[in-house]
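Have a look at coords_22.txt below; it lists compact mmCIF, C-alpha atoms.
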# COMPACT_ATOMS: atom_id res chain seq x y z
CA GLY Y 12 0.00 0.00 0.00
CA LEU Y 13 0.86 3.68 0.04
CA ASP Y 14 1.27 6.04 2.97
CA HIS Y 15 -0.18 9.24 1.50
CA GLN Y 16 -1.69 12.59 2.37
CA ARG Y 17 -4.26 12.36 -0.43
CA PRO Y 18 -6.32 9.30 -1.37
CA GLY Y 19 -5.00 7.22 -4.26
CA HIS Y 20 -5.91 3.91 -5.86
CA ALA Y 21 -3.61 1.01 -6.77
CA VAL Y 22 -5.43 -1.27 -9.21
CA GLN Y 23 -2.94 -3.78 -10.60
CA ALA Y 24 0.67 -4.85 -10.04
CA LEU Y 25 2.77 -5.86 -13.09
CA GLY Y 26 6.00 -7.80 -13.21
CA ASP Y 27 5.56 -9.89 -10.05
CA GLN Y 28 7.29 -12.82 -11.83
CA ALA Y 29 10.24 -10.82 -13.18
CA PRO Y 30 13.60 -11.57 -11.49
CA ALA Y 31 14.95 -8.73 -9.38
CA GLU Y 32 18.08 -8.39 -11.55
CA ALA Y 33 15.93 -7.53 -14.60
CA ARG Y 34 15.03 -4.19 -12.93
CA PHE Y 35 11.59 -4.43 -14.49
CA GLY Y 36 9.97 -0.99 -14.32
CA ARG Y 37 13.21 1.01 -14.44
CA SER Y 38 11.55 3.07 -17.21
CA LEU Y 39 7.95 3.67 -18.26
CA ALA Y 40 6.19 5.35 -21.17
CA TRP Y 41 2.57 5.68 -22.31
CA LEU Y 42 1.85 4.23 -25.77
CA SER Y 43 -1.62 4.54 -27.34
CA ASP Y 44 -3.84 2.16 -25.31
CA GLY Y 45 -1.12 0.71 -23.10
CA LEU Y 46 2.14 0.96 -21.22
CA VAL Y 47 5.76 0.42 -22.26
CA VAL Y 48 8.02 -0.93 -19.48
CA GLY Y 49 11.81 -1.12 -19.58
CA ALA Y 50 13.83 -3.92 -17.93
CA PRO Y 51 17.46 -2.92 -18.60
CA GLY Y 52 19.11 -5.43 -16.28
CA PRO Y 53 21.86 -4.72 -13.73
CA GLU Y 54 24.23 -1.77 -13.94
CA ALA Y 55 27.22 -4.07 -13.33
CA SER Y 56 27.97 -7.74 -13.94
CA THR Y 57 26.71 -9.08 -10.61
CA THR Y 58 25.67 -12.56 -11.73
CA LEU Y 59 26.67 -15.22 -14.24
CA VAL Y 60 23.11 -15.48 -15.56
CA SER Y 61 22.55 -11.81 -16.37
CA LYS Y 62 20.49 -11.31 -19.52
CA PRO Y 63 20.51 -8.35 -21.94
CA GLY Y 64 17.98 -5.60 -21.34
CA ALA Y 65 14.51 -5.58 -22.90
CA VAL Y 66 11.42 -3.40 -23.39
CA HIS Y 67 7.90 -4.82 -22.80
CA GLY Y 68 4.68 -3.49 -24.35
CA PHE Y 69 1.37 -4.00 -22.45
CA SER Y 70 -2.20 -3.18 -23.39
CA TRP Y 71 -5.46 -3.14 -21.43
CA PRO Y 72 -8.28 -4.67 -23.52
CA GLU Y 73 -11.66 -3.47 -22.32
CA GLY Y 74 -12.92 -5.59 -19.44
CA GLU Y 75 -9.62 -7.49 -19.12
CA GLY Y 76 -6.35 -7.17 -17.26
CA ALA Y 77 -2.97 -6.20 -18.69
CA LYS Y 78 -1.80 -8.21 -21.73
CA LEU Y 79 1.83 -8.48 -22.88
CA ARG Y 80 1.81 -7.56 -26.59
CA TRP Y 81 5.48 -7.43 -27.59
CA ILE Y 82 9.10 -7.44 -26.35
CA LEU Y 83 12.02 -5.51 -27.91
CA ARG Y 84 15.73 -6.33 -27.46
CA SER Y 85 18.79 -4.72 -29.01
CA TRP Y 86 20.84 -6.60 -31.58
CA PRO Y 87 23.44 -7.84 -31.16
CA PRO Y 88 22.51 -8.34 -27.48
CA ARG Y 89 24.96 -6.84 -24.96
CA LYS Y 90 24.49 -7.62 -21.29
CA LEU Y 91 25.70 -4.33 -19.82
CA ASP Y 92 24.26 -1.92 -22.42
CA ARG Y 93 21.29 -1.39 -20.07
CA PHE Y 94 18.99 -1.39 -23.09
CA GLY Y 95 15.63 -0.10 -21.82
CA ALA Y 96 17.02 2.21 -19.12
CA ALA Y 97 15.02 5.08 -20.67
CA LEU Y 98 12.07 5.37 -23.05
CA GLY Y 99 10.61 8.12 -25.20
CA VAL Y 100 7.52 7.92 -27.42
CA ALA Y 101 6.78 10.27 -30.32
CA PRO Y 102 4.91 10.16 -33.65
CA LYS Y 103 6.88 9.43 -36.78
CA GLN Y 104 5.71 12.51 -38.64
CA SER Y 105 6.11 11.26 -42.21
CA LEU Y 106 3.89 8.19 -41.68
CA ASP Y 107 1.92 9.37 -38.65
CA LYS Y 108 2.97 6.23 -36.80
CA VAL Y 109 4.49 5.83 -33.36
CA LEU Y 110 8.18 5.26 -32.73
CA VAL Y 111 9.71 4.23 -29.41
CA ALA Y 112 13.13 5.67 -28.54
CA VAL Y 113 15.12 3.36 -26.23
CA GLY Y 114 18.19 4.37 -24.24
CA ALA Y 115 21.20 2.12 -23.64
CA PRO Y 116 23.52 4.27 -21.48
CA GLY Y 117 26.01 1.45 -20.80
CA PHE Y 118 26.89 1.03 -24.48
CA ASP Y 119 30.63 0.99 -25.28
CA GLY Y 120 31.86 1.46 -21.74
CA GLY Y 121 29.52 4.32 -20.87
CA GLN Y 122 29.37 6.39 -24.05
CA GLY Y 123 25.75 5.33 -24.34
CA ARG Y 124 23.38 5.39 -27.28
CA ALA Y 125 19.72 5.79 -28.16
CA LEU Y 126 17.86 3.74 -30.78
CA THR Y 127 14.41 4.27 -32.27
CA PHE Y 128 12.09 1.38 -33.16
CA ALA Y 129 8.64 0.75 -34.59
CA PRO Y 130 7.40 -1.44 -31.72
CA MET Y 131 5.08 -3.79 -33.60
CA THR Y 132 7.65 -4.61 -36.30
CA ALA Y 133 10.89 -4.10 -34.30
CA ALA Y 134 12.27 -2.19 -37.32
CA GLU Y 135 15.05 0.21 -36.32
CA HIS Y 136 14.76 3.84 -37.45
CA GLY Y 137 18.15 5.36 -36.63
CA ARG Y 138 20.49 5.75 -33.68
CA ILE Y 139 22.47 8.32 -31.69
CA VAL Y 140 25.88 7.53 -30.18
CA GLY Y 141 27.26 9.42 -27.18
CA ASP Y 142 30.71 10.83 -26.47
CA ILE Y 143 33.21 9.42 -23.94
CA ASN Y 144 31.55 9.04 -20.49
CA ASP Y 145 28.28 10.69 -21.68
CA ARG Y 146 26.00 7.84 -20.56
CA LEU Y 147 23.77 9.06 -23.38
CA GLY Y 148 20.32 7.53 -23.19
CA GLU Y 149 20.15 7.52 -19.39
CA THR Y 150 17.02 9.62 -20.06
CA LEU Y 151 15.00 10.38 -23.20
CA ALA Y 152 12.01 12.58 -24.03
CA ALA Y 153 10.21 13.62 -27.20
CA GLY Y 154 7.70 16.39 -27.86
CA ARG Y 155 6.81 19.46 -29.90
CA ILE Y 156 9.00 21.93 -28.05
CA ARG Y 157 8.55 24.56 -30.77
CA GLY Y 158 4.75 24.29 -30.97
CA ARG Y 159 2.16 22.02 -32.57
CA ALA Y 160 3.00 23.28 -36.06
CA GLN Y 161 6.54 21.88 -35.80
CA PRO Y 162 7.72 18.26 -35.86
CA ALA Y 163 8.39 16.55 -32.53
CA ASP Y 164 11.90 17.09 -31.21
CA LEU Y 165 14.08 14.62 -29.30
CA VAL Y 166 16.04 15.36 -26.11
CA ALA Y 167 18.53 12.91 -24.58
CA GLY Y 168 20.25 13.09 -21.22
CA ALA Y 169 24.03 12.74 -21.01
CA PRO Y 170 24.50 12.99 -17.23
CA GLY Y 171 28.02 11.57 -17.31
CA ASN Y 172 29.10 14.88 -18.84
CA ASP Y 173 26.43 16.98 -17.07
CA ALA Y 174 24.36 17.79 -20.16
CA ILE Y 175 21.18 17.30 -22.16
CA VAL Y 176 21.24 17.27 -25.96
CA LEU Y 177 18.44 18.39 -28.31
CA TRP Y 178 17.71 17.55 -31.94
CA ARG Y 179 15.04 19.21 -34.11
CA GLY Y 180 12.48 16.72 -35.41
CA GLU Y 181 13.03 17.58 -39.07
CA GLU Y 182 16.58 16.25 -38.83
CA PHE Y 183 15.13 12.75 -38.32
CA ILE Y 184 12.61 13.21 -41.14
CA ASN Y 185 15.31 14.26 -43.61
CA ALA Y 186 17.72 11.46 -42.67
CA PRO Y 187 15.77 8.78 -40.77
CA GLN Y 188 18.47 6.06 -40.95
CA ALA Y 189 21.44 8.27 -40.01
CA VAL Y 190 23.83 7.55 -37.15
CA ARG Y 191 24.37 10.76 -35.19
CA ARG Y 192 27.47 11.14 -33.02
CA ILE Y 193 27.86 13.63 -30.18
CA ALA Y 194 31.65 13.64 -30.69
CA ASP Y 195 31.01 15.06 -34.19
CA ARG Y 196 28.71 17.77 -32.70
CA ASP Y 197 25.82 16.28 -34.67
CA PHE Y 198 23.09 17.97 -32.60
CA THR Y 199 21.08 21.22 -32.49
CA ARG Y 200 21.62 22.42 -28.92
CA ARG Y 201 23.33 21.16 -25.77
CA TYR Y 202 22.54 22.45 -22.27
CA LEU Y 203 25.38 22.25 -19.76
CA GLY Y 204 24.90 21.92 -15.99
CA HIS Y 205 26.83 22.71 -12.82
CA GLU Y 206 28.44 19.46 -11.60
CA GLY Y 207 25.08 17.92 -10.78
CA ASP Y 208 24.52 15.06 -13.28
CA LEU Y 209 22.27 17.27 -15.39
CA GLY Y 210 20.07 15.08 -17.57
CA ALA Y 211 19.65 12.27 -15.04
CA GLY Y 212 15.94 13.20 -15.07
CA LEU Y 213 14.07 14.55 -18.10
CA ILE Y 214 10.51 15.09 -19.37
CA ILE Y 215 8.74 17.18 -22.02
CA GLY Y 216 5.18 18.51 -21.64
CA ALA Y 217 2.94 21.58 -21.24
CA VAL Y 218 4.11 22.40 -17.73
CA GLY Y 219 3.85 26.15 -17.36
CA ARG Y 220 0.45 26.93 -18.86
CA SER Y 221 -3.12 25.95 -18.05
CA ALA Y 222 -5.68 24.09 -20.18
CA ASN Y 223 -7.68 27.29 -20.77
CA ASP Y 224 -4.69 29.48 -21.64
CA LYS Y 225 -6.03 32.17 -23.97
CA GLN Y 226 -2.98 34.42 -24.03
CA THR Y 227 -2.42 36.23 -27.29
CA SER Y 228 1.12 37.19 -28.15
CA ASP Y 229 3.79 36.51 -30.72
CA LEU Y 230 4.78 33.39 -28.74
CA ASP Y 231 3.33 29.97 -29.52
CA HIS Y 232 1.82 28.85 -26.20
CA SER Y 233 1.10 25.40 -27.61
CA ALA Y 234 4.81 24.66 -27.31
CA ALA Y 235 5.80 21.93 -24.85
CA ASP Y 236 8.30 22.63 -22.08
CA ILE Y 237 11.40 20.78 -20.85
CA VAL Y 238 11.93 19.80 -17.21
CA VAL Y 239 15.42 18.48 -16.49
CA GLY Y 240 16.89 17.19 -13.25
CA SER Y 241 20.31 17.70 -11.70
CA PRO Y 242 20.06 15.24 -8.76
CA THR Y 243 23.54 15.59 -7.23
CA GLN Y 244 23.70 19.40 -7.33
CA LEU Y 245 23.86 21.00 -3.86
CA ASP Y 246 23.54 17.52 -2.25
CA ASP Y 247 19.71 17.56 -2.39
CA GLY Y 248 19.33 17.96 -6.15
CA ARG Y 249 17.51 20.43 -8.38
CA ALA Y 250 15.10 20.44 -11.31
CA TYR Y 251 14.95 23.14 -13.98
CA LEU Y 252 11.99 24.27 -16.10
CA LEU Y 253 12.81 25.45 -19.64
CA TYR Y 254 9.91 27.06 -21.51
CA GLY Y 255 9.48 25.57 -24.96
CA HIS Y 256 8.14 28.71 -26.60
CA LYS Y 257 11.60 30.27 -26.26
CA PHE Y 258 12.75 27.92 -29.01
CA ILE Y 259 10.32 29.54 -31.47
CA HIS Y 260 12.55 32.51 -32.22
CA GLY Y 261 16.12 32.47 -33.44
CA GLU Y 262 15.89 29.27 -35.50
CA SER Y 263 19.61 29.30 -36.21
CA THR Y 264 21.20 26.21 -37.74
CA THR Y 265 24.35 26.85 -35.68
CA VAL Y 266 25.15 24.11 -33.15
CA GLU Y 267 24.99 25.63 -29.66
CA ASP Y 268 26.28 24.93 -26.14
CA VAL Y 269 24.38 26.96 -23.50
CA GLY Y 270 24.15 27.01 -19.68
CA VAL Y 271 20.99 25.55 -18.15
CA SER Y 272 20.51 27.99 -15.24
CA LYS Y 273 20.67 31.10 -17.44
CA ASN Y 274 17.94 29.67 -19.68
CA SER Y 275 15.56 28.42 -16.95
CA SER Y 276 12.19 29.87 -15.94
CA ALA Y 277 11.85 27.98 -12.64
CA ILE Y 278 14.06 25.98 -10.30
CA PHE Y 279 12.67 23.29 -7.96
CA GLU Y 280 14.52 22.44 -4.72
CA SER Y 281 13.78 20.08 -1.82
CA TYR Y 282 14.18 19.95 1.96
CA ASP Y 283 14.93 16.20 1.74
CA ARG Y 284 18.60 15.80 2.59
CA SER Y 285 20.38 13.63 -0.01
CA GLY Y 286 17.04 13.45 -1.77
CA ALA Y 287 18.33 13.19 -5.36
CA LEU Y 288 15.59 15.57 -6.52
CA GLY Y 289 15.30 15.73 -10.29
CA ARG Y 290 16.18 12.13 -11.10
CA ARG Y 291 12.53 11.05 -11.57
CA LEU Y 292 9.92 13.33 -13.15
CA ALA Y 293 6.43 13.04 -14.67
CA LEU Y 294 3.64 15.38 -15.77
CA LEU Y 295 -0.14 15.20 -15.32
CA PRO Y 296 -1.39 17.57 -18.05
CA ALA Y 297 -3.96 20.28 -17.46
CA HIS Y 298 -7.52 19.34 -18.43
CA VAL Y 299 -11.03 20.78 -18.34
CA ASP Y 300 -13.85 18.81 -16.67
CA GLY Y 301 -17.07 20.58 -17.62
CA THR Y 302 -16.63 24.15 -16.41
CA LEU Y 303 -13.88 23.29 -13.92
CA GLU Y 304 -10.25 23.50 -14.88
CA ALA Y 305 -7.60 21.27 -13.33
CA PRO Y 306 -4.06 22.66 -13.66
CA ALA Y 307 -1.00 20.79 -14.86
CA LEU Y 308 0.68 18.87 -12.03
CA LEU Y 309 4.39 18.16 -12.10
CA ALA Y 310 5.39 14.96 -10.25
CA LEU Y 311 8.88 15.06 -8.70
CA ALA Y 312 10.32 12.12 -6.76
CA THR Y 313 13.07 12.12 -4.13
CA ASP Y 314 14.80 9.37 -2.16
CA CYS Y 315 13.33 10.80 1.08
CA GLY Y 316 16.80 10.84 2.63
CA GLU Y 317 18.79 7.79 3.72
CA SER Y 318 15.68 5.66 4.31
CA ASN Y 319 15.12 5.39 0.55
CA GLN Y 320 11.39 4.97 1.10
CA GLY Y 321 10.86 7.37 -1.76
CA CYS Y 322 8.62 10.44 -1.82
CA VAL Y 323 6.56 11.76 -4.73
CA TYR Y 324 5.45 15.40 -4.74
CA LEU Y 325 2.69 16.74 -7.01
CA VAL Y 326 3.29 20.43 -7.73
CA ASP Y 327 0.89 22.92 -9.33
CA ALA Y 328 3.04 23.89 -12.29
CA SER Y 329 0.48 26.08 -14.08
CA GLN Y 330 1.54 29.31 -12.38
CA GLY Y 331 4.56 29.81 -14.59
CA SER Y 332 5.96 33.23 -15.35
CA GLU Y 333 8.68 34.69 -17.52
CA LYS Y 334 10.71 35.55 -14.40
CA LEU Y 335 12.97 33.00 -12.76
CA GLU Y 336 11.42 31.59 -9.56
CA THR Y 337 12.50 28.98 -7.00
CA VAL Y 338 9.91 26.50 -5.65
CA MET Y 339 10.73 24.57 -2.44
CA LEU Y 340 9.20 21.10 -1.97
CA GLY Y 341 7.96 20.14 1.50
CA GLU Y 342 4.61 19.54 3.18
CA VAL Y 343 1.34 19.99 1.27
CA GLY Y 344 0.69 23.69 0.66
CA PRO Y 345 -0.23 26.22 -2.05
CA ARG Y 346 2.12 24.78 -4.68
CA VAL Y 347 2.62 21.23 -3.35
CA VAL Y 348 -0.88 19.74 -3.74
CA ALA Y 349 -0.02 16.14 -2.70
CA ARG Y 350 2.82 14.14 -1.16
CA TYR Y 351 3.11 10.33 -1.29
CA LYS Y 352 5.62 8.32 0.75
CA GLY Y 353 6.71 4.73 0.19
CA ASN Y 354 5.42 2.09 2.59
CA GLY Y 355 8.57 0.92 4.34
CA ALA Y 356 12.30 1.60 4.15
CA GLN Y 357 14.07 0.88 0.85
CA SER Y 358 10.80 0.58 -1.10
CA LYS Y 359 12.13 3.28 -3.50
CA LEU Y 360 8.72 4.66 -4.39
CA GLY Y 361 8.99 6.84 -7.48
CA ALA Y 362 12.03 5.10 -8.98
CA ALA Y 363 10.16 5.48 -12.29
CA MET Y 364 6.97 7.37 -13.17
CA THR Y 365 4.76 8.05 -16.17
CA THR Y 366 1.20 9.17 -16.90
CA GLY Y 367 -1.65 7.98 -19.12
CA GLN Y 368 -5.43 7.52 -19.24
CA LEU Y 369 -5.42 3.96 -17.92
CA LEU Y 370 -8.54 4.03 -15.74
CA GLY Y 371 -10.92 5.95 -18.00
CA GLY Y 372 -12.17 9.53 -17.80
CA ASP Y 373 -10.67 12.71 -19.18
CA ALA Y 374 -7.85 13.08 -16.66
CA ALA Y 375 -4.53 11.27 -16.89
CA ASP Y 376 -3.50 8.84 -14.15
CA LEU Y 377 -0.08 8.73 -12.50
CA VAL Y 378 1.86 5.45 -12.71
CA VAL Y 379 4.52 5.08 -9.99
CA VAL Y 380 7.04 2.24 -9.57
CA ALA Y 381 8.42 0.94 -6.26
CA PRO Y 382 10.91 -1.59 -7.71
CA ASP Y 383 12.31 -3.02 -4.50
CA ALA Y 384 8.74 -3.63 -3.32
CA ARG Y 385 8.10 -5.12 -6.80
CA LYS Y 386 5.00 -2.98 -7.27
CA ILE Y 387 3.61 -0.58 -9.85
CA TYR Y 388 0.91 1.77 -8.50
CA ILE Y 389 -1.70 3.55 -10.60
CA ILE Y 390 -2.95 6.69 -8.82
CA GLN Y 391 -6.10 8.40 -10.03
CA ARG Y 392 -6.01 12.15 -10.16
Could you render the structure from this file as structure tokens?
Amino acid sequence: GLDHQRPGHAVQALGDQAPAEARFGRSLAWLSDGLVVGAPGPEASTTLVSKPGAVHGFSWPEGEGAKLRWILRSWPPRKLDRFGAALGVAPKQSLDKVLVAVGAPGFDGGQGRALTFAPMTAAEHGRIVGDINDRLGETLAAGRIRGRAQPADLVAGAPGNDAIVLWRGEEFINAPQAVRRIADRDFTRRYLGHEGDLGAGLIIGAVGRSANDKQTSDLDHSAADIVVGSPTQLDDGRAYLLYGHKFIHGESTTVEDVGVSKNSSAIFESYDRSGALGRRLALLPAHVDGTLEAPALLALATDCGESNQGCVYLVDASQGSEKLETVMLGEVGPRVVARYKGNGAQSKLGAAMTTGQLLGGDAADLVVVAPDARKIYIIQR
């Protein structure tokens, strides 16, 4: 169960039969009518029977429980690639079909790489290879950062070198089978952090605006935003909000390296000592239920200190502004609308999170993993 300050509902646990070393649930992503779950395996060779990582696709047929639809594995299989450590889902714009981006941050001794697949056919659609020590693919996210009129863009975390890397979507449309290498500066923009493993947590979504946003300006407020974590910065960790609409202007083709703090609109900090804030992130989008508007809620997980129970905070993220602000996470209050805590030490609640409309209705549900308790919780908004 969950120890929480706001009622939630756990409806089904997945992966009860998976061996602990598979790390089933290390990554999650919402795909059409189901859930994609990564099982990247151990981070080091701890057993003689270790298997290569894999990605599992589940669906929920009406009136039935979860059904396993497909499994993806990299080829050739490599045990310590950690294939499946991160997932990103975005439409393939030319065919209007879904692609799944899969991270393998252990590739080639920690350079890391990201591969994109069509899940039902397992056909590969290009790859990105990191630089020395990048751990590229530790996190992945895709979304229309420059507005709905633009193709979806891809962002990959490279926390080994304290960075996130961004590619415009049209680059993948123009050369879908290309191999892109960070060492060759084959990217659009790279954000650099401050010795805090920037990129260890990463999501894209409409964070800073509400569902009924009617602002009129020269900015495209349909643009998605980036939230990126820096979990070892200042001991407790930080998360940064980068407004997507700022990408609309200055569409230079010049490859850029920029600092993350100077380009942020909000910074999230925590009172949890050694909390690793920013490593796990998720977004419940804003929605309208009749005449009532529910704001976007940003889910941020911490270790909850040395106990490693895990804490998940839901933050009202719709009050964004153009001025830099700092939001402190603590007890439930004006900005922190809910706080969940794992049931027992070392349960690691919030080790992975995603959102999707799993239980019906107009609002998205929050999916939270507690891997050492071998549970996945679905929390209704």
Box for range 307-324 of chain Y - axis-aligned, 8 Å on each of the six sides, all listed atoms - centre and size in Å to one decimal, as JSON.
{"center_x": 8.9, "center_y": 12.9, "center_z": -5.3, "size_x": 35.8, "size_y": 31.8, "size_z": 35.2}
Pick from Y:Pro116, Y:Leu126, Y:Ala217, Y:Asp208, whichever lies nearest to Arg159 in chain Y using all atoms listed in the file: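 Closest candidate: Y:Ala217.
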Contact residues around Ala287 in chain Y with all atoms listed in the file at 7 Å, ignoring same-chain residues under 5 positions, as a PyMOL selection string: chain Y and resi 242-243+247-248+313-314
Resulting file, chosen residues, C-alpha atoms, as a short mmCIF file (atom, residue, chain, number, x, y, z; two decimals), in the coordinates of the input:
data_model
loop_
_atom_site.label_atom_id
_atom_site.label_comp_id
_atom_site.auth_asym_id
_atom_site.auth_seq_id
_atom_site.Cartn_x
_atom_site.Cartn_y
_atom_site.Cartn_z
CA PRO Y 242 20.06 15.24 -8.76
CA THR Y 243 23.54 15.59 -7.23
CA ASP Y 247 19.71 17.56 -2.39
CA GLY Y 248 19.33 17.96 -6.15
CA THR Y 313 13.07 12.12 -4.13
CA ASP Y 314 14.80 9.37 -2.16
#
Radius query 10 Å about (6.6, 13.6, -8.0), atoms used: all atoms listed in the file, as a VMD selection string: chain Y and resid 288 to 289 291 to 294 308 to 313 321 to 326 340 347 349 to 351 360 to 361 363 to 364 377 379
Atom-to-atom span, CA of Val271 in chain Y and CA of Ala297 in chain Y, Å: 25.5 Å
Atomic distance CA of Arg37 in chain Y - CA of Pro51 in chain Y, expressed in Å with one decimal: 7.1 Å
Exercise: residues within 12 Å of coordinate (19.1, -3.3, -20.3), counting only C-alpha atoms, as a PyMOL selection string: chain Y and resi 32-38+48-56+61-67+83-86+88-98+113-118+123-124+148-149
Output file request: range 173-180 of chain Y, with all heavy atoms, as a PDB file, in the first residue's frame.
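And here is the file that came out, part-v9.pdb:
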ATOM      1  N   ASP Y 173      27.210  15.881 -17.622  1.00  0.00           N
ATOM      2  CA  ASP Y 173      26.425  16.984 -17.068  1.00  0.00           C
ATOM      3  C   ASP Y 173      25.740  17.790 -18.167  1.00  0.00           C
ATOM      4  O   ASP Y 173      25.889  19.014 -18.249  1.00  0.00           O
ATOM      5  CB  ASP Y 173      27.343  17.892 -16.247  1.00  0.00           C
ATOM      6  CG  ASP Y 173      26.616  18.627 -15.136  1.00  0.00           C
ATOM      7  OD1 ASP Y 173      25.514  18.189 -14.750  1.00  0.00           O
ATOM      8  OD2 ASP Y 173      27.140  19.648 -14.662  1.00  0.00           O
ATOM      9  N   ALA Y 174      24.942  17.104 -19.011  1.00  0.00           N
ATOM     10  CA  ALA Y 174      24.359  17.789 -20.161  1.00  0.00           C
ATOM     11  C   ALA Y 174      23.074  17.106 -20.619  1.00  0.00           C
ATOM     12  O   ALA Y 174      22.827  15.936 -20.323  1.00  0.00           O
ATOM     13  CB  ALA Y 174      25.360  17.825 -21.319  1.00  0.00           C
ATOM     14  N   ILE Y 175      22.243  17.864 -21.339  1.00  0.00           N
ATOM     15  CA  ILE Y 175      21.181  17.299 -22.163  1.00  0.00           C
ATOM     16  C   ILE Y 175      21.394  17.802 -23.582  1.00  0.00           C
ATOM     17  O   ILE Y 175      21.923  18.896 -23.797  1.00  0.00           O
ATOM     18  CB  ILE Y 175      19.763  17.664 -21.665  1.00  0.00           C
ATOM     19  CG1 ILE Y 175      19.547  19.190 -21.660  1.00  0.00           C
ATOM     20  CG2 ILE Y 175      19.499  17.066 -20.304  1.00  0.00           C
ATOM     21  CD1 ILE Y 175      18.102  19.584 -21.401  1.00  0.00           C
ATOM     22  N   VAL Y 176      20.991  16.974 -24.548  1.00  0.00           N
ATOM     23  CA  VAL Y 176      21.243  17.272 -25.956  1.00  0.00           C
ATOM     24  C   VAL Y 176      19.918  17.238 -26.705  1.00  0.00           C
ATOM     25  O   VAL Y 176      19.089  16.357 -26.486  1.00  0.00           O
ATOM     26  CB  VAL Y 176      22.225  16.257 -26.574  1.00  0.00           C
ATOM     27  CG1 VAL Y 176      22.674  16.723 -27.955  1.00  0.00           C
ATOM     28  CG2 VAL Y 176      23.436  16.051 -25.667  1.00  0.00           C
ATOM     29  N   LEU Y 177      19.703  18.227 -27.588  1.00  0.00           N
ATOM     30  CA  LEU Y 177      18.441  18.390 -28.308  1.00  0.00           C
ATOM     31  C   LEU Y 177      18.668  18.311 -29.809  1.00  0.00           C
ATOM     32  O   LEU Y 177      19.649  18.857 -30.332  1.00  0.00           O
ATOM     33  CB  LEU Y 177      17.823  19.742 -27.933  1.00  0.00           C
ATOM     34  CG  LEU Y 177      16.473  20.105 -28.535  1.00  0.00           C
ATOM     35  CD1 LEU Y 177      15.673  20.956 -27.557  1.00  0.00           C
ATOM     36  CD2 LEU Y 177      16.618  20.880 -29.845  1.00  0.00           C
ATOM     37  N   TRP Y 178      17.729  17.613 -30.482  1.00  0.00           N
ATOM     38  CA  TRP Y 178      17.710  17.547 -31.943  1.00  0.00           C
ATOM     39  C   TRP Y 178      16.349  18.007 -32.438  1.00  0.00           C
ATOM     40  O   TRP Y 178      15.312  17.589 -31.887  1.00  0.00           O
ATOM     41  CB  TRP Y 178      17.939  16.127 -32.454  1.00  0.00           C
ATOM     42  CG  TRP Y 178      19.302  15.588 -32.189  1.00  0.00           C
ATOM     43  CD1 TRP Y 178      20.373  15.594 -33.030  1.00  0.00           C
ATOM     44  CD2 TRP Y 178      19.741  14.936 -30.994  1.00  0.00           C
ATOM     45  NE1 TRP Y 178      21.441  14.988 -32.431  1.00  0.00           N
ATOM     46  CE2 TRP Y 178      21.090  14.585 -31.168  1.00  0.00           C
ATOM     47  CE3 TRP Y 178      19.122  14.634 -29.778  1.00  0.00           C
ATOM     48  CZ2 TRP Y 178      21.831  13.931 -30.202  1.00  0.00           C
ATOM     49  CZ3 TRP Y 178      19.863  13.985 -28.801  1.00  0.00           C
ATOM     50  CH2 TRP Y 178      21.196  13.644 -29.018  1.00  0.00           C
ATOM     51  N   ARG Y 179      16.303  18.849 -33.474  1.00  0.00           N
ATOM     52  CA  ARG Y 179      15.036  19.212 -34.106  1.00  0.00           C
ATOM     53  C   ARG Y 179      14.469  18.001 -34.841  1.00  0.00           C
ATOM     54  O   ARG Y 179      15.190  17.212 -35.454  1.00  0.00           O
ATOM     55  CB  ARG Y 179      15.234  20.359 -35.093  1.00  0.00           C
ATOM     56  CG  ARG Y 179      15.567  21.686 -34.430  1.00  0.00           C
ATOM     57  CD  ARG Y 179      15.501  22.805 -35.458  1.00  0.00           C
ATOM     58  NE  ARG Y 179      15.792  24.089 -34.867  1.00  0.00           N
ATOM     59  CZ  ARG Y 179      16.966  24.696 -34.922  1.00  0.00           C
ATOM     60  NH1 ARG Y 179      17.971  24.117 -35.550  1.00  0.00           N
ATOM     61  NH2 ARG Y 179      17.139  25.883 -34.361  1.00  0.00           N
ATOM     62  N   GLY Y 180      13.129  17.883 -34.816  1.00  0.00           N
ATOM     63  CA  GLY Y 180      12.484  16.724 -35.409  1.00  0.00           C
ATOM     64  C   GLY Y 180      12.735  16.570 -36.896  1.00  0.00           C
ATOM     65  O   GLY Y 180      12.839  15.455 -37.407  1.00  0.00           O
TER      66      GLY Y 180
END
